[in-house]
$ cat input31.txt   # compact mmCIF, C-alpha atoms and all ligand atoms
# COMPACT_ATOMS: atom_id res chain seq x y z
CA MET A 1 -62.03 9.15 83.55
CA ALA A 2 -64.52 11.76 82.34
CA LYS A 3 -62.78 14.66 80.73
CA LEU A 4 -63.75 18.08 81.85
CA ASP A 5 -64.18 19.06 78.19
CA GLN A 6 -67.44 17.13 78.15
CA TYR A 7 -68.73 19.86 80.41
CA ILE A 8 -66.57 22.70 79.21
CA ASN A 9 -69.40 24.77 77.73
CA LEU A 10 -71.79 24.45 80.64
CA GLN A 11 -73.23 27.57 82.22
CA ILE A 12 -74.22 27.87 85.87
CA ASP A 13 -77.95 27.56 85.12
CA GLU A 14 -77.32 24.27 83.32
CA LEU A 15 -76.00 22.70 86.52
CA THR A 16 -79.04 21.29 88.24
CA SER A 17 -79.60 19.84 91.67
CA LYS A 18 -82.30 18.91 94.19
CA SER A 19 -80.01 19.43 97.16
CA LYS A 20 -80.47 22.48 99.33
CA LYS A 21 -76.73 22.87 99.86
CA MET A 22 -75.91 22.55 96.17
CA LEU A 23 -78.73 24.90 95.17
CA HIS A 24 -77.38 27.41 97.69
CA CYS A 25 -73.94 27.13 96.11
CA LEU A 26 -75.35 27.48 92.57
CA ALA A 27 -77.52 30.47 93.52
CA ARG A 28 -74.47 32.26 94.94
CA ALA A 29 -72.47 31.33 91.83
CA ALA A 30 -75.18 32.70 89.53
CA LYS A 31 -75.23 35.99 91.45
CA VAL A 32 -71.48 36.51 91.40
CA ALA A 33 -70.79 35.20 87.87
CA ARG A 34 -71.36 38.47 86.02
CA THR A 35 -69.25 40.57 88.39
CA ASP A 36 -65.47 40.87 88.73
CA ILE A 37 -65.52 39.78 92.37
CA PRO A 38 -62.77 37.21 93.03
CA VAL A 39 -64.28 33.84 93.89
CA PHE A 40 -62.76 31.21 96.14
CA ILE A 41 -64.12 27.69 95.60
CA CYS A 42 -63.65 25.10 98.32
CA GLY A 43 -64.92 21.58 98.85
CA GLU A 44 -63.61 18.03 98.98
CA THR A 45 -61.63 16.53 96.16
CA GLY A 46 -63.68 15.49 93.12
CA THR A 47 -66.78 17.53 93.96
CA GLY A 48 -66.65 19.53 90.73
CA LYS A 49 -64.77 22.69 91.74
CA THR A 50 -62.90 22.98 88.45
CA LEU A 51 -66.12 22.46 86.54
CA LEU A 52 -67.81 25.19 88.58
CA ALA A 53 -64.93 27.61 87.88
CA GLN A 54 -65.34 27.00 84.15
CA ALA A 55 -69.12 27.44 84.42
CA LEU A 56 -68.60 30.75 86.25
CA HIS A 57 -66.49 31.98 83.37
CA ASN A 58 -69.03 30.73 80.79
CA SER A 59 -71.75 32.68 82.60
CA SER A 60 -69.70 35.86 82.91
CA LEU A 61 -69.38 38.94 80.74
CA ARG A 62 -65.86 37.73 79.97
CA LYS A 63 -67.00 34.52 78.28
CA ALA A 64 -65.78 35.62 74.83
CA ASN A 65 -62.26 35.89 76.25
CA ASP A 66 -60.03 33.15 77.62
CA PHE A 67 -60.44 30.92 80.67
CA VAL A 68 -56.82 30.33 81.63
CA SER A 69 -56.22 27.56 84.11
CA PHE A 70 -53.12 27.33 86.26
CA ASN A 71 -52.32 24.50 88.63
CA ALA A 72 -50.09 25.91 91.34
CA SER A 73 -49.01 22.62 92.89
CA ALA A 74 -45.63 20.98 92.35
CA LEU A 75 -43.85 23.93 90.72
CA SER A 76 -40.65 25.53 91.99
CA GLU A 77 -40.82 29.25 92.69
CA THR A 78 -38.92 30.28 89.54
CA LEU A 79 -40.95 27.99 87.33
CA LEU A 80 -44.16 29.23 88.90
CA GLU A 81 -43.10 32.82 88.30
CA SER A 82 -42.20 32.12 84.70
CA HIS A 83 -45.52 30.32 84.10
CA LEU A 84 -47.59 33.05 85.70
CA PHE A 85 -45.76 36.17 84.56
CA GLY A 86 -43.89 34.94 81.48
CA HIS A 87 -40.25 35.56 80.62
CA GLU A 88 -38.02 37.30 78.12
CA LYS A 89 -35.62 35.48 75.83
CA GLY A 90 -32.45 34.67 77.81
CA ALA A 91 -34.02 35.38 81.23
CA PHE A 92 -32.65 32.07 82.46
CA THR A 93 -30.88 29.03 81.01
CA GLY A 94 -33.30 27.43 78.60
CA ALA A 95 -35.37 30.58 78.00
CA VAL A 96 -34.87 30.49 74.24
CA SER A 97 -37.74 32.75 73.34
CA GLN A 98 -40.12 35.24 74.87
CA VAL A 99 -43.09 33.58 76.57
CA ARG A 100 -46.26 35.25 77.80
CA GLY A 101 -47.48 34.17 81.23
CA LYS A 102 -50.91 33.14 82.44
CA PHE A 103 -51.71 36.59 83.86
CA GLU A 104 -51.09 38.11 80.45
CA LEU A 105 -53.04 35.43 78.60
CA ALA A 106 -56.00 35.86 80.96
CA ASP A 107 -56.21 39.63 80.35
CA GLU A 108 -59.94 40.50 80.08
CA GLY A 109 -60.73 36.87 80.74
CA THR A 110 -60.57 34.61 83.80
CA LEU A 111 -57.48 33.29 85.56
CA PHE A 112 -58.25 30.08 87.46
CA LEU A 113 -55.69 29.34 90.17
CA ASP A 114 -56.19 25.69 91.05
CA GLU A 115 -54.72 23.91 94.12
CA VAL A 116 -53.69 27.27 95.60
CA ALA A 117 -52.96 25.73 99.00
CA ASP A 118 -49.87 24.09 97.55
CA MET A 119 -48.05 27.33 96.67
CA SER A 120 -44.90 28.26 98.58
CA LEU A 121 -44.98 31.40 100.74
CA GLY A 122 -42.61 33.12 98.30
CA ALA A 123 -44.91 32.37 95.39
CA GLN A 124 -47.89 33.61 97.40
CA ALA A 125 -46.16 36.98 97.92
CA LYS A 126 -45.64 37.39 94.17
CA ILE A 127 -49.20 36.44 93.30
CA LEU A 128 -50.54 38.82 95.93
CA ARG A 129 -48.75 41.73 94.24
CA ALA A 130 -50.09 40.80 90.83
CA ILE A 131 -53.65 40.36 92.05
CA GLU A 132 -53.63 43.46 94.20
CA TYR A 133 -52.36 45.89 91.57
CA GLY A 134 -53.04 43.96 88.35
CA GLU A 135 -49.36 44.64 87.58
CA PHE A 136 -46.46 42.30 86.97
CA THR A 137 -43.20 42.00 85.06
CA ARG A 138 -41.98 39.17 82.86
CA LEU A 139 -38.89 37.43 84.20
CA GLY A 140 -35.85 39.18 82.75
CA SER A 141 -37.67 42.45 82.13
CA GLU A 142 -38.27 45.61 84.13
CA LYS A 143 -41.24 46.69 82.07
CA ILE A 144 -44.43 46.79 84.11
CA LEU A 145 -47.32 45.05 82.37
CA GLN A 146 -50.95 45.15 83.33
CA SER A 147 -53.59 42.47 83.34
CA ASP A 148 -57.28 42.75 83.99
CA ALA A 149 -57.93 39.11 84.82
CA ARG A 150 -60.82 37.96 86.97
CA ILE A 151 -59.43 35.64 89.61
CA ILE A 152 -61.09 32.37 90.59
CA SER A 153 -59.18 30.08 92.93
CA ALA A 154 -59.82 26.64 94.37
CA THR A 155 -58.49 24.05 96.75
CA HIS A 156 -59.75 20.96 98.55
CA LYS A 157 -57.60 21.87 101.56
CA ASN A 158 -58.76 24.05 104.43
CA LEU A 159 -57.13 27.40 103.66
CA PHE A 160 -58.46 29.02 106.82
CA GLU A 161 -56.71 26.36 108.85
CA LEU A 162 -53.51 26.77 106.82
CA CYS A 163 -53.64 30.51 107.58
CA GLU A 164 -53.86 29.70 111.28
CA GLU A 165 -50.79 27.51 110.87
CA GLU A 166 -49.05 30.34 108.97
CA LYS A 167 -48.62 28.19 105.88
CA PHE A 168 -50.86 30.44 103.81
CA ARG A 169 -50.88 34.24 103.74
CA GLU A 170 -54.03 35.64 105.25
CA ASP A 171 -53.83 38.80 103.12
CA LEU A 172 -53.77 36.69 99.96
CA LEU A 173 -56.72 34.64 101.14
CA HIS A 174 -58.71 37.82 101.76
CA ARG A 175 -57.73 39.16 98.34
CA MET A 176 -58.80 35.96 96.55
CA ASN A 177 -61.84 35.40 98.64
CA GLY A 178 -64.31 38.05 97.51
CA LEU A 179 -66.94 35.35 97.86
CA THR A 180 -66.59 31.74 99.02
CA LEU A 181 -68.44 29.01 97.17
CA TYR A 182 -68.58 25.75 99.07
CA VAL A 183 -69.28 22.78 96.81
CA PRO A 184 -70.92 20.08 98.94
CA SER A 185 -69.68 16.50 98.94
CA LEU A 186 -71.85 13.76 97.43
CA ARG A 187 -72.63 12.63 100.99
CA GLU A 188 -74.23 16.01 101.59
CA ARG A 189 -76.34 15.85 98.43
CA ARG A 190 -77.57 12.27 98.41
CA GLU A 191 -80.86 13.36 96.86
CA ASP A 192 -78.90 14.07 93.65
CA LEU A 193 -77.35 10.60 93.50
CA PRO A 194 -80.11 8.82 91.50
CA ALA A 195 -80.01 11.40 88.69
CA ILE A 196 -76.20 11.56 88.66
CA ILE A 197 -75.94 7.74 88.59
CA ALA A 198 -78.47 7.48 85.75
CA ASN A 199 -76.66 10.15 83.79
CA GLU A 200 -73.25 8.53 84.28
CA VAL A 201 -74.58 5.10 83.27
CA ARG A 202 -76.03 6.59 80.10
CA ARG A 203 -72.83 8.46 79.24
CA CYS A 204 -70.48 5.56 79.97
CA ALA A 205 -72.67 3.07 78.08
CA GLN A 206 -72.76 5.42 75.11
CA SER A 207 -68.99 5.86 75.07
CA MET A 208 -68.49 2.06 75.20
CA ASN A 209 -71.23 1.40 72.65
CA LYS A 210 -73.16 -0.76 75.10
CA ASP A 211 -76.90 -1.05 75.34
CA ILE A 212 -77.27 -0.54 79.09
CA HIS A 213 -80.15 1.52 80.39
CA SER A 214 -80.77 0.45 83.95
CA LEU A 215 -79.45 -1.02 87.19
CA HIS A 216 -80.67 -4.00 89.20
CA PRO A 217 -82.15 -2.73 92.51
CA GLU A 218 -79.30 -4.36 94.49
CA ALA A 219 -76.70 -2.53 92.39
CA PHE A 220 -78.57 0.73 92.84
CA ASP A 221 -78.82 0.21 96.62
CA LYS A 222 -75.12 -0.55 96.83
CA LEU A 223 -74.29 2.72 95.04
CA MET A 224 -76.72 4.67 97.21
CA ALA A 225 -75.26 3.28 100.44
CA HIS A 226 -71.64 4.14 99.60
CA ARG A 227 -69.99 7.16 101.28
CA TRP A 228 -68.23 8.42 98.13
CA PRO A 229 -65.06 9.89 99.65
CA GLY A 230 -63.80 10.62 96.12
CA ASN A 231 -67.12 12.26 95.18
CA LEU A 232 -68.03 12.70 91.49
CA ARG A 233 -64.64 11.59 90.29
CA GLU A 234 -64.96 8.31 92.21
CA LEU A 235 -68.55 7.86 91.10
CA HIS A 236 -67.58 8.24 87.48
CA ARG A 237 -64.82 5.65 87.84
CA VAL A 238 -67.05 3.12 89.65
CA ILE A 239 -69.82 3.44 87.06
CA GLN A 240 -67.36 3.21 84.21
CA VAL A 241 -66.02 -0.09 85.56
CA ALA A 242 -69.55 -1.38 86.25
CA VAL A 243 -70.59 -0.62 82.68
CA LEU A 244 -67.43 -2.27 81.42
CA PHE A 245 -68.12 -5.46 83.43
CA THR A 246 -71.83 -5.84 82.70
CA ASP A 247 -72.76 -8.33 80.00
CA GLU A 248 -76.49 -7.79 80.41
CA ASP A 249 -78.62 -4.74 79.68
CA ALA A 250 -78.68 -3.75 83.37
CA ILE A 251 -75.85 -3.29 85.87
CA ARG A 252 -75.66 -6.11 88.45
CA GLU A 253 -74.60 -5.82 92.09
CA GLU A 254 -71.37 -7.71 91.47
CA ASP A 255 -70.38 -5.22 88.75
CA VAL A 256 -70.18 -2.43 91.33
CA GLU A 257 -66.83 -2.40 93.09
CA PHE A 258 -65.36 0.25 95.36
CA ASP A 259 -61.79 1.14 95.95
CA HIS A 260 -61.14 1.37 99.69
CA GLN A 261 -57.42 1.99 99.41
CA VAL A 262 -56.90 5.18 97.47
CA HIS A 263 -58.73 8.15 98.84
CA SER A 264 -57.78 11.74 99.53
CA THR A 265 -55.29 12.32 102.29
CA GLY A 266 -57.14 14.29 105.00
CA ILE A 267 -57.33 12.63 108.39
CA GLN A 268 -61.11 12.91 108.35
CA THR A 269 -61.26 10.89 105.12
CA ARG A 270 -59.10 8.18 106.69
CA LEU A 271 -61.48 8.31 109.58
CA LEU A 272 -64.52 7.83 107.35
CA THR A 273 -62.87 4.96 105.52
CA LYS A 274 -62.25 3.31 108.87
CA ILE A 275 -65.91 3.73 109.72
CA GLU A 276 -66.87 1.89 106.55
CA LEU A 277 -64.51 -0.97 107.20
CA ASP A 278 -65.52 -1.35 110.83
CA GLU A 279 -69.26 -1.38 110.39
CA GLU A 280 -69.66 -4.34 112.71
CA ASP A 281 -67.58 -2.74 115.47
CA MET A 282 -69.80 -1.95 118.43
CA SER A 283 -67.13 -0.55 120.75
CA LEU A 284 -67.37 2.85 122.43
CA ASP A 285 -64.28 4.01 120.50
CA SER A 286 -66.05 3.19 117.27
CA ALA A 287 -69.11 5.20 118.33
CA VAL A 288 -66.92 8.18 119.24
CA LEU A 289 -65.15 7.93 115.92
CA LYS A 290 -68.47 7.83 114.05
CA HIS A 291 -69.69 10.86 115.93
CA ILE A 292 -66.53 12.85 115.17
CA GLY A 293 -66.89 11.82 111.52
CA LYS A 294 -70.45 13.14 111.47
CA VAL A 295 -69.39 16.47 112.95
CA PHE A 296 -66.61 16.74 110.35
CA ASP A 297 -69.28 16.13 107.69
CA PHE A 298 -71.46 18.81 109.21
CA THR A 299 -68.70 21.42 109.24
CA GLY A 300 -67.48 20.58 105.75
CA ASN A 301 -64.25 19.15 107.21
CA ASN A 302 -63.34 22.31 109.10
CA LYS A 303 -61.23 21.15 112.00
CA SER A 304 -61.55 24.33 114.08
CA LYS A 305 -65.35 24.33 113.83
CA THR A 306 -65.47 20.59 114.50
CA ALA A 307 -63.42 20.97 117.67
CA LYS A 308 -65.63 23.86 118.78
CA LEU A 309 -68.85 21.90 118.26
CA LEU A 310 -67.37 18.92 120.07
CA GLY A 311 -66.46 21.24 122.93
CA VAL A 312 -62.74 20.42 122.85
CA SER A 313 -59.60 22.24 121.71
CA ARG A 314 -58.04 21.48 118.34
CA SER A 315 -55.08 19.81 120.04
CA THR A 316 -57.41 17.58 122.09
CA LEU A 317 -59.23 16.65 118.89
CA ASP A 318 -55.91 15.83 117.21
CA ARG A 319 -54.88 13.69 120.19
CA LYS A 320 -58.21 11.87 120.22
CA LEU A 321 -57.93 11.12 116.51
CA GLU A 322 -54.40 9.82 116.97
CA GLU A 323 -55.60 7.57 119.81
CA LEU A 324 -58.53 6.23 117.80
CA LYS A 325 -56.74 5.76 114.50
N1 LIG B 1 -72.19 17.54 87.79
C1 LIG B 1 -71.37 16.53 87.46
N2 LIG B 1 -71.88 15.36 87.01
C2 LIG B 1 -71.07 14.33 86.68
N3 LIG B 1 -69.73 14.38 86.74
C3 LIG B 1 -69.17 15.51 87.17
C4 LIG B 1 -69.94 16.66 87.54
N4 LIG B 1 -69.10 17.62 87.96
C5 LIG B 1 -67.86 17.12 87.82
N5 LIG B 1 -67.90 15.87 87.35
C6 LIG B 1 -66.76 15.00 87.06
O1 LIG B 1 -66.10 14.76 88.29
C7 LIG B 1 -64.70 14.85 88.12
C8 LIG B 1 -64.13 15.84 89.10
O2 LIG B 1 -64.55 17.16 88.75
P1 LIG B 1 -63.60 18.39 89.04
O3 LIG B 1 -62.24 18.16 88.44
O4 LIG B 1 -64.32 19.61 88.66
O5 LIG B 1 -63.49 18.25 90.64
P2 LIG B 1 -62.58 19.08 91.65
O6 LIG B 1 -63.45 19.40 92.79
O7 LIG B 1 -61.94 20.21 90.91
O8 LIG B 1 -61.49 18.03 92.12
P3 LIG B 1 -60.02 18.32 92.76
O9 LIG B 1 -60.22 18.84 94.14
O10 LIG B 1 -59.38 16.98 92.78
O11 LIG B 1 -59.34 19.29 91.84
C9 LIG B 1 -64.45 15.23 86.68
O12 LIG B 1 -64.05 14.04 86.01
C10 LIG B 1 -65.76 15.74 86.17
O13 LIG B 1 -65.95 15.41 84.81
MG MG B 2 -59.97 20.55 90.42

$ encode --input "input31.txt" --output "structure tokens"
Amino acid sequence: MAKLDQYINLQIDELTSKSKKMLHCLARAAKVARTDIPVFICGETGTGKTLLAQALHNSSLRKANDFVSFNASALSETLLESHLFGHEKGAFTGAVSQVRGKFELADEGTLFLDEVADMSLGAQAKILRAIEYGEFTRLGSEKILQSDARIISATHKNLFELCEEEKFREDLLHRMNGLTLYVPSLRERREDLPAIIANEVRRCAQSMNKDIHSLHPEAFDKLMAHRWPGNLRELHRVIQVAVLFTDEDAIREEDVEFDHQVHSTGIQTRLLTKIELDEEDMSLDSAVLKHIGKVFDFTGNNKSKTAKLLGVSRSTLDRKLEELK
């Protein structure tokens, strides 16, 4: 898997694209980069949200200071608090020394809150306080500390929908979301695929010391026709395997293999996978399913908007999806 550090020094203007949607996203990013406005990055898994957050920092006035990344998923509330705000020696069993938290480390730099949708409501309340007032205390201390960290957050989940379901605090979303940057899926920026494929082939070949510079037209067509539910991350993996398998100087069709089993969890992704597998299915149900999939694509997987465009309620859409699954 490509490591983010290959891209770690990139600035926004070094990210190029031919896609209208991606150019729109990059233009917004370039405008907001040099301000302290909190940025909320959304988009499907593997689209490059983390990379964009790093590029925002690199293009900001804070670039000489730290980019501190924090993944909020899978941490208990106490652990999350200790990671974010730090703790004093003896604050809890196992706290053998004083530790500074991410907010403190990101002072005058950027604090990147990744996978924010996965935070518990309790954790959200604590983060809200810290973001709102720039003030926090280390666990085990009463002393109020201050941090001037610029906040960038990201998730592949639909936070607006989670707010509706009361699983995410609306006030926190508003606080984090000074500006939304939507990173389009690869399906929405197909015009970029040839350049991204060529670049990945070059990079993978280089890292494996192989002399591969091109693709057979059938291999290229196969890559172009794929739906890429895992986006850039999936593309990188598929090309890496293709480069590994190829014994010639060009990638052959049989070297390109897709993984249909492991994709992200959203119902719409399952839906799209089903569409791929059932390409020969001519039934009315299949046509309805394809249409719903297209509308999900159009709305960037926003269920409320999708239901509205389809002219049905969210619960009807849910029921229909259950029926068609
Ligand atoms: N412009 C690009 N060209 C090629 N590869 C890229 C590009 N942007 C990102 N990648 C690669 O795609 C992978 C996913 O990128 P990243 O981690 O930024 O996605 P993400 O949207 O944050 O995913 P997730 O939602 O799972 O956190 C990384 O391995 C990264 O190196
Ligand atoms: Mg990420």

$ residues_near_ligand --input "input31.txt" --ligand "ligand LIG 1 (chain B)" --cutoff "9 Å" --atoms "all atoms listed in the file" --output "ChimeraX atom specification"
/A:1-7,15-17,41-54,114-115,154-157,183,196-197,199-200,230-237,264

$ residues_near_point --input "input31.txt" --point "(-65.6, 18.1, 112.1)" --cutoff "12 Å" --atoms "all atoms listed in the file" --output "NGL selection string"
:A and (158 or 266-269 or 271-272 or 289-312 or 314 or 317-318 or 321)

$ atom_distance --input "input31.txt" --atom1 "atom CA of A:Glu254" --atom2 "atom CA of A:Lys222"
9.7 Å

$ closest_residue --input "input31.txt" --among "A:Ala250, A:Val32, A:Leu193, A:Ala205" --to "A:Pro217" --atoms "all atoms listed in the file"
A:Ala250

$ residues_around --input "input31.txt" --residues "stretch 124-133 of chain A" --least-positions-apart "5" --cutoff "8 Å" --atoms "only C-alpha atoms" --output "list in words"
Glu81, Met119, Ile151, Phe168, Arg169, Asp171, Leu172 and Arg175 of chain A

$ residues_around --input "input31.txt" --residues "A:His87" --least-positions-apart "6" --cutoff "12 Å" --atoms "only C-alpha atoms" --output "VMD selection string"
chain A and resid 78 to 81 93 to 104 136 to 143 145

$ atom_distance --input "input31.txt" --atom1 "atom CA of A:Gly109" --atom2 "atom CA of A:Phe67"
6.0 Å

$ closest_residue --input "input31.txt" --among "A:Ser60, A:Ile212, A:Asp192, A:Phe70" --to "ligand MG 2 (chain B)" --atoms "all atoms listed in the file"
A:Phe70

$ closest_residue --input "input31.txt" --among "A:Val256, A:His174, A:Leu105, A:Gly90" --to "A:Val241" --atoms "only C-alpha atoms"
A:Val256

$ atom_distance --input "input31.txt" --atom1 "atom CA of A:Phe160" --atom2 "atom CA of A:Ser120"
15.9 Å

$ closest_residue --input "input31.txt" --among "A:Ala149, A:Arg319, A:Ser69, A:Gln206" --to "ligand MG 2 (chain B)" --atoms "all atoms listed in the file"
A:Ser69

$ closest_residue --input "input31.txt" --among "A:Asn58, A:Cys204, A:Ser147, A:Asn71" --to "ligand MG 2 (chain B)" --atoms "all atoms listed in the file"
A:Asn71

$ closest_residue --input "input31.txt" --among "A:Ala117, A:Ala29, A:Ala123, A:Met224" --to "A:Leu84" --atoms "all atoms listed in the file"
A:Ala123

$ residues_near_point --input "input31.txt" --point "(-57.9, 33.5, 87.3)" --cutoff "7 Å" --atoms "all atoms listed in the file" --output "list in words"
Val68, Ser69, Thr110, Leu111, Phe112, Leu113, Ala149, Arg150, Ile151, Ile152 and Ser153 of chain A

$ axis_aligned_box --input "input31.txt" --around "stretch 42-56 of chain A" --padding-each-side "3 Å" --output "AutoDock Vina command-line options"
--center_x -65.4 --center_y 23.1 --center_z 91.6 --size_x 13.5 --size_y 21.3 --size_z 20.8

$ residues_around --input "input31.txt" --residues "A:Ala55" --least-positions-apart "5" --cutoff "8 Å" --atoms "only C-alpha atoms" --output "MDAnalysis selection string"
chainID A and resid 8:12
